[in-house]
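Enquirer: Attaching a single structure in structure tokens format; questions to follow.
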Amino acid sequence: MAKKTKEARVQVILECTEQKKSGLPGVSRYITKKNKKNTPDRLELKKYNPILRKMTIHRETK
């Protein structure tokens, strides 16, 4: 019987926070990986939003 291991690295989706406030249609999302053991909190990164054409804060979704 094989061991069941809990992986530390998980795939997360980052979604733009300013996109919702602007009222423009569309969503800016990025997919990345994070280590759950090192960063148990939600991830926040500055990424480029092509709809708003500027760098915005992208937060991890559930």
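Labeling convention for the structure tokens: chains A, B, ... as they appear, residues from 1 per chain, ligands from 1 in order of appearance.
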Got a sec to tell me which of chain A DSSP assigns to strand (DSSP E), as JSON, numbers by chain?
Expert: {"A": [9, 10, 11, 12, 13, 14, 15, 16, 29, 30, 31, 32, 33, 34, 35, 44, 45, 46, 47, 48, 49, 54, 55, 56, 57, 58, 59, 60]}
Enquirer: Per residue of segment 4-44 of chain A within 8 Å of segment 49-62 of chain A, which atom pair is closest and at what distance in Å (one decimal), using only C-alpha atoms, listed by chain and increasing number, as JSON lines?
Expert:
```
{"residue": "A:Val12", "atom": "CA", "partner": "A:Glu60", "partner_atom": "CA", "distance": 6.5}
{"residue": "A:Ile13", "atom": "CA", "partner": "A:Glu60", "partner_atom": "CA", "distance": 5.6}
{"residue": "A:Leu14", "atom": "CA", "partner": "A:Glu60", "partner_atom": "CA", "distance": 4.4}
{"residue": "A:Glu15", "atom": "CA", "partner": "A:His58", "partner_atom": "CA", "distance": 4.9}
{"residue": "A:Cys16", "atom": "CA", "partner": "A:His58", "partner_atom": "CA", "distance": 4.3}
{"residue": "A:Thr17", "atom": "CA", "partner": "A:His58", "partner_atom": "CA", "distance": 5.9}
{"residue": "A:Glu18", "atom": "CA", "partner": "A:Thr56", "partner_atom": "CA", "distance": 6.8}
{"residue": "A:Gln19", "atom": "CA", "partner": "A:Leu52", "partner_atom": "CA", "distance": 7.5}
{"residue": "A:Gly26", "atom": "CA", "partner": "A:Ile51", "partner_atom": "CA", "distance": 7.7}
{"residue": "A:Ser28", "atom": "CA", "partner": "A:Asn49", "partner_atom": "CA", "distance": 5.9}
{"residue": "A:Arg29", "atom": "CA", "partner": "A:His58", "partner_atom": "CA", "distance": 7.8}
{"residue": "A:Arg42", "atom": "CA", "partner": "A:Glu60", "partner_atom": "CA", "distance": 5.6}
{"residue": "A:Leu43", "atom": "CA", "partner": "A:Glu60", "partner_atom": "CA", "distance": 5.3}
{"residue": "A:Glu44", "atom": "CA", "partner": "A:Arg59", "partner_atom": "CA", "distance": 4.6}
```
Enquirer: Using C-alpha atoms, can you write the selected residues to a file as a tab-separated table (two decimals), in the first residue's frame?
Expert:
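The result, written out as result18.tsv:
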```tsv
chain	number	residue	atom	x	y	z
A	12	VAL	CA	-3.52	29.06	-6.03
A	13	ILE	CA	-5.47	31.58	-8.12
A	14	LEU	CA	-4.72	35.29	-7.77
A	15	GLU	CA	-7.51	37.70	-8.71
A	16	CYS	CA	-7.32	41.49	-9.14
A	17	THR	CA	-8.86	43.53	-6.33
A	18	GLU	CA	-9.17	46.82	-8.25
A	19	GLN	CA	-10.97	45.25	-11.24
A	26	GLY	CA	-13.71	41.02	-17.37
A	28	SER	CA	-7.65	39.52	-14.37
A	29	ARG	CA	-6.47	36.21	-12.89
A	42	ARG	CA	-3.49	34.47	1.80
A	43	LEU	CA	-0.98	35.52	-0.84
A	44	GLU	CA	-0.93	39.11	-2.16
```
Enquirer: Taking 4 positions as the minimum chain separation for residues in the same chain, which residues sit within 10 Å of Glu7 of chain A when counting only C-alpha atoms? Answer as an mmCIF file with C-alpha atoms, in the first residue's frame.
Expert:
```
data_model
loop_
_atom_site.group_PDB
_atom_site.id
_atom_site.type_symbol
_atom_site.label_atom_id
_atom_site.label_comp_id
_atom_site.auth_asym_id
_atom_site.auth_seq_id
_atom_site.Cartn_x
_atom_site.Cartn_y
_atom_site.Cartn_z
ATOM 1 C CA ASN A 35 4.130 26.501 -0.013
ATOM 2 C CA LYS A 36 1.376 26.092 2.607
ATOM 3 C CA LYS A 37 3.863 25.500 5.415
#
```
Enquirer: Which one of A:Lys6, A:Gln11, A:Lys21, A:Ile31 sits closest to Lys47 of chain A if you count only C-alpha atoms?
Expert: A:Ile31
